[in-house]
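Colleague: Got a structure for you, questions after.
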2 protein chains.
Amino acid sequence: MIRVGVVGYGVIGRRVADAVAAQPDMSVVGIVKKNPDYKARIAVSKGFPIYALDGESRKLFEKAAIPIAGEIRDLVKAVDIVVDASPGEAGAANQEIYRSLGCKVIYQGGEDADVADVSFVAQCNFEKAEGKNSARVVSCNTTGLCRVLYALDTNFGVKLARVVIVRRATDPDEPEKGIIDAVSIDPKIPSHHGPDVNTVLPNFKVISAALKIPTTHMHVHTLIVTLRDATVTKDKVIDVLNGTTRVITVSKGEGFKTTGQVFDYAREMGRWRSDLYEVAIWKDSVNIIDGELYFYMGVGQEAIVVPENVDAIRALSGGYTRDESIRMTNKTLNILK
Amino acid sequence: MIRVGVVGYGVIGRRVADAVAAQPDMSVVGIVKKNPDYKARIAVSKGFPIYALDGESRKLFEKAAIPIAGEIRDLVKAVDIVVDASPGEAGAANQEIYRSLGCKVIYQGGEDADVADVSFVAQCNFEKAEGKNSARVVSCNTTGLCRVLYALDTNFGVKLARVVIVRRATDPDEPEKGIIDAVSIDPKIPSHHGPDVNTVLPNFKVISAALKIPTTHMHVHTLIVTLRDATVTKDKVIDVLNGTTRVITVSKGEGFKTTGQVFDYAREMGRWRSDLYEVAIWKDSVNIIDGELYFYMGVGQEAIVVPENVDAIRALSGGYTRDESIRMTNKTLNILK
């Protein structure tokens with residue numbers, strides 16, 4: 001039984017805690033929260049012991065009369081692995097705690113790549129993380145790109161990938177960060193996503209551009225990929241994508257006219273929070289023009305990294321193969337393939 | 001004095017009527033409307049005689065007690081050139097009227113290319129339309145792409161242009177067509193825009209992909225262009241764009257963080273309806289990576305084709321050079337360069 005602590009209980013932390021609790025070989029010892037807000041109430045209702053982030057945080061919980069089990073150091077001492085799901089780059093601030101207490105740790109994609117021994121996507125480089133002290137599960141967009149580009153590279157050879165990402169402005173729990181009726185343009189091209197893919201898949205160049213738009217569900221990627229194999233056909237590409245774990249294909253003919261229908265479909269799967277762990281590729285968009293492969297894909301920003309966090313826990317622990325871990329995670333999270 | 005009739009008084013027709021009325025060498029004889037809605041009130045207030053589309057339409061105006069000057073045929077007989085700004089592909093239905101009455105006509109980009117003798121963007125192919133009986137002013141996105149790609153091709157040679165277009169869902173006067181909180185995906189790649197550019201600029205391939213998003217101001221294009229000249233630098237590209245008529249550059253440093261600020265800037269120019277006739281290119285997005293040119297540009301969907309319609313009137317009439325016409329149009333519409 002791998003004893004896991006989850007630091008941060010926001011969009012990622014809450015999902016990882018539930019996913020870990022669902023594994024037959026793991027248990028959630030507790031979660032760390034900074035503020036006694038409504039998310040603390042969720043943790044209490046699920047029976048996860050709450051640890052305060054620090055002394056100041058402890059006082060807030062005492063004032064709110066929410067019982068805590070200790071502070072972050074108490075939790076770190078009691079676990080084998082911490083999943084740090086602190087917001088933005090706040091995870092790096094906790095690094096010294098994990099290091100001094102000799103605890104293995106998984107960071108999220110908001111952190112710089114050098115925070116951890118390895119940047120991680122299960123199906124791409126599970127072995128590279130085995131037995132290491134730390135891993136960084138890359139961000140949602142990077143994870144989606146890695147799954148798909150790794151499959152394309154393995155089967156056809158990728159020479160150059162260009163990707164235009166249309167990003168949802170915010171998650172539903174932070175509507176005040178949203179933009180309305182405008183496209184937000186950070187004019188830096190390449191955006192950070194392409195180089196971030198290269199932290200997992202270093203063998204070909206990925207150039208990305210990213211725009212932010214007023215939606216809350218899913219990022220949409222347009223990929224333009226130059227492949228090494230000039231004999232590739234649309235059908236071969238679709239076959240490979242259909243055969244790739246954590247990737248599904250959808251089509252307009254089936255009624256997937258917008259990201260809204262993909263979200264609606266995910267809600268029918270009976271998963272916690274209507275989460276979509278898979279990348280969704282519009283198979284009727286797949287086309288090859290003058291040797292360049294084009295297609296659209298959707299990335300659910302909240303949940304896609306959840307299976308990666310579970311697999312990263314097993315990789316750092318050691319004793320599992322990539323396929324064993326992915327199979328266990330997929331089964332418990334109801335990921336069909 | 002070129003006598004002009006405007007058929008259709010929606011987003012384009014209203015703008016073209018005002019722009020024509022502002023020209024020293026043109027007059028608006030009247031406009032054609034189908035329904036006596038609030039836009040008829042606008043035409044009345046501006047003193048444009050209204051002609052009913054047909055007998056049924058005439059009855060609606062009589063019932064609404066809005067005086068009309070006749071029906072479409074009466075207007076067509078009284079003018080030298082008609083600008084048909086009917087919605088969607090409805091212009092083609094009027095083709096027989098123009099033909100039988102021997103009237104020159106300008107169609108809009110919603111029509112198929114074969115509706116007219118030539119597809120038109122003033123700075124690209126004014127001469128091709130001179131003296132012809134009909135021209136099609138291409139759509140907003142196609143017009144923007146043509147202006148920019150023509151400048152790049154003339155200066156550096158374009159080998160292949162790839163463009164991902166993030167389209168505004170609807171114009172402000174048709175909010176009921178809008179989507180909310182989703183990206184609409186028509187999975188056909190290439191979208192119609194690239195081939196449409198080739199009706200004006202046939203010498204290089206343009207491959208486009210287009211997504212629809214919940215905004216009302218401006219389309220945003222991400223361009224990835226392979227140039228023939230391998231020695232091109234960012235600065236040379238920006239110089240060429242700055243030297244191109246009806247193209248402006250903007251930057252994040254100046255506060256253009258979203259399309260919202262570009263709209264806000266346009267509103268300060270004191271033009272009718274806060275219109276933006278220019279393509280806006282984020283100069284700080286311009287980058288060249290491995291010989292491919294990347295940048296973002298914004299296209300105001302309502303007004304960009306207005307100067308093209310004015311120039312197309314002069315081209316069909318004959319007797320003007322390209323530069324003369326563009327200069328006159330720019331001056332009257334307050335287009336700075």
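Residue names in the structure tokens use chain letters A, B, ... in the order shown, residue numbers from 1 in each chain, and ligand numbers from 1 in the order shown.
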Using only C-alpha atoms, what does the table of chain B residues within 7 Å of chain A look like, with each row giving the shortest atom pair and its distance in Å to one decimal, sorted by chain and ascending number, as CSV?

Modeller:
residue,atom,partner,partner_atom,distance
B:Asp181,CA,A:Thr215,CA,4.2
B:Ala182,CA,A:Thr259,CA,5.3
B:Val183,CA,A:Thr258,CA,5.3
B:Ser184,CA,A:Thr258,CA,4.2
B:Ile185,CA,A:Thr258,CA,5.3
B:Asp186,CA,A:Lys257,CA,6.8
B:Pro187,CA,A:Ser285,CA,4.3
B:Lys188,CA,A:Ser285,CA,5.3
B:Ile189,CA,A:Ser285,CA,5.7
B:Pro214,CA,A:Pro214,CA,6.5
B:Thr215,CA,A:Asp181,CA,4.2
B:Thr216,CA,A:Asp181,CA,6.2
B:His217,CA,A:Ala182,CA,6.9
B:Lys252,CA,A:Pro187,CA,6.9
B:Lys257,CA,A:Ile185,CA,5.6
B:Thr258,CA,A:Ser184,CA,4.2
B:Thr259,CA,A:Ala182,CA,5.4
B:Gly260,CA,A:Ala182,CA,5.4
B:Trp282,CA,A:Pro187,CA,6.7
B:Asp284,CA,A:Pro187,CA,5.7
B:Ser285,CA,A:Pro187,CA,4.3
B:Asn287,CA,A:Ile189,CA,6.6

Colleague: For the residues selected in the previous step, produce a file with C-alpha atoms as a compact mmCIF listing (two decimals), in the first residue's frame.

Modeller:
# COMPACT_ATOMS: atom_id res chain seq x y z
CA ASP B 181 -19.07 28.61 -23.81
CA ALA B 182 -18.02 26.22 -26.56
CA VAL B 183 -15.85 26.00 -29.65
CA SER B 184 -17.80 25.10 -32.77
CA ILE B 185 -15.93 22.67 -34.98
CA ASP B 186 -16.70 22.16 -38.64
CA PRO B 187 -14.20 19.36 -39.06
CA LYS B 188 -13.53 19.93 -42.75
CA ILE B 189 -9.84 20.84 -43.24
CA PRO B 214 -18.22 32.86 -28.59
CA THR B 215 -17.14 36.40 -29.47
CA THR B 216 -18.66 39.14 -31.64
CA HIS B 217 -15.64 41.34 -32.53
CA LYS B 252 0.88 43.99 -26.41
CA LYS B 257 -3.80 42.45 -24.96
CA THR B 258 -7.00 41.23 -26.59
CA THR B 259 -9.22 41.93 -29.58
CA GLY B 260 -11.22 44.05 -27.12
CA TRP B 282 0.41 41.84 -33.60
CA ASP B 284 5.36 41.26 -31.33
CA SER B 285 4.02 37.88 -32.45
CA ASN B 287 8.65 35.23 -35.56

Colleague: I need the helix (DSSP H, G or I) residues of stretch 268-324 of chain B per DSSP on the backbone, written as an NGL selection string.

Modeller: :B and (272-274 or 283-285 or 306-317 or 322-324)

Colleague: Neighbours of B:Asp153 within 9 Å (only C-alpha atoms; same-chain residues fewer than 6 positions away dropped), as an NGL selection string?

Modeller: :B and (159 or 204 or 227-228)

Colleague: Let me make sure I understand: among A:Ala303, A:Leu75, A:Thr143, A:Glu292, which one has the smallest atom-to-atom distance to A:Gln123 if we use only C-alpha atoms?

Modeller: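 Nearest candidate to A:Gln123 out of A:Ala303, A:Leu75, A:Thr143, A:Glu292: A:Thr143.
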
Colleague: With distances taken over only C-alpha atoms, which residue among A:Ile12, A:Val32, A:Ile97, A:Ile248 lies nearest A:Pro307?

Modeller: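 Closest to A:Pro307 of all the choices is A:Ile12.
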
Colleague: Write out as a list in words the residues lying within 7 Å of B:Glu71, counting only C-alpha atoms and excluding same-chain residues fewer than 3 positions away.

Modeller: Tyr51, Ala52, Leu53, Asp54, Asp74 and Leu75 of chain B

Colleague: Do you know which residues are at most 12 Å from A:Ile68 counting only C-alpha atoms, after dropping those on the same chain fewer than 3 positions away, and could you put them as an MDAnalysis selection string?

Modeller: chainID A and resid 30:36 40:41 43:44 47:55 57:65 71:72 74:75

Colleague: Extract, using only C-alpha atoms, all DNA, RNA and protein residues at most 9 Å from A:Thr244, discarding same-chain residues fewer than 6 positions from it, and format them as a ChimeraX atom specification.

Modeller: /A:147-148,151,337

Colleague: Go ahead and save the residues from that selection, with N, CA and C atoms, as a PDB file, in the first residue's frame.

Modeller:
ATOM      1  N   ARG A 147       0.675  12.577 -25.602  1.00  0.00           N
ATOM      2  CA  ARG A 147       0.011  11.304 -25.925  1.00  0.00           C
ATOM      3  C   ARG A 147      -0.116  11.102 -27.426  1.00  0.00           C
ATOM      4  N   VAL A 148      -0.566  12.158 -28.102  1.00  0.00           N
ATOM      5  CA  VAL A 148      -0.883  12.043 -29.524  1.00  0.00           C
ATOM      6  C   VAL A 148       0.385  12.050 -30.374  1.00  0.00           C
ATOM      7  N   ALA A 151       2.340   8.781 -30.147  1.00  0.00           N
ATOM      8  CA  ALA A 151       1.743   7.725 -30.981  1.00  0.00           C
ATOM      9  C   ALA A 151       2.080   7.947 -32.453  1.00  0.00           C
ATOM     10  N   LYS A 337     -10.152   2.665 -22.856  1.00  0.00           N
ATOM     11  CA  LYS A 337      -9.002   2.113 -23.594  1.00  0.00           C
ATOM     12  C   LYS A 337      -7.779   3.024 -23.443  1.00  0.00           C
TER      13      LYS A 337
END

Colleague: For atom CA of B:Val16 and atom CA of B:Ile106, quote the distance in Å rounded to one decimal.

Modeller: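 Interatomic distance, atom CA of B:Val16 to atom CA of B:Ile106: 11.2 Å.
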
Colleague: For each of A:Asp173, A:Ser100, A:Asn133, A:Ser139, take the minimum atom-to-atom distance to A:Gly10, counting only C-alpha atoms, then give the residue where this is smallest.

Modeller: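 Comparing A:Asp173, A:Ser100, A:Asn133, A:Ser139 against A:Gly10, the winner is A:Asp173.
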
Colleague: To test your reading of the structure, identify every residue in stretch 129-258 of chain A that backbone DSSP assigns to strand (DSSP E or B), and report it as a PyMOL selection string.

Modeller: chain A and resi 134-137+158-168+184-185+205-213+219-227+247-250+258

Colleague: What's the 7 Å shell around B:Leu160, counting only C-alpha atoms, without same-chain residues fewer than 6 positions away, as a list in words?

Modeller: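 Near neighbours after the sequence-gap exclusion: Phe204, Lys205, Val206, Val225 and Thr226 of chain B.
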
Colleague: Give the answer as one residue: which of B:Asp196, B:Phe156, B:Asp171, B:Val28 has the shortest atom-to-atom distance to B:Asp114, using only C-alpha atoms?

Modeller: B:Asp196

Colleague: When you count only C-alpha atoms, which of these residues is closest to A:Val76: A:Cys103, A:Leu276, A:Ile238, A:Val158?

Modeller: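 Of A:Cys103, A:Leu276, A:Ile238, A:Val158, the one nearest A:Val76, counting only C-alpha atoms, is A:Cys103.
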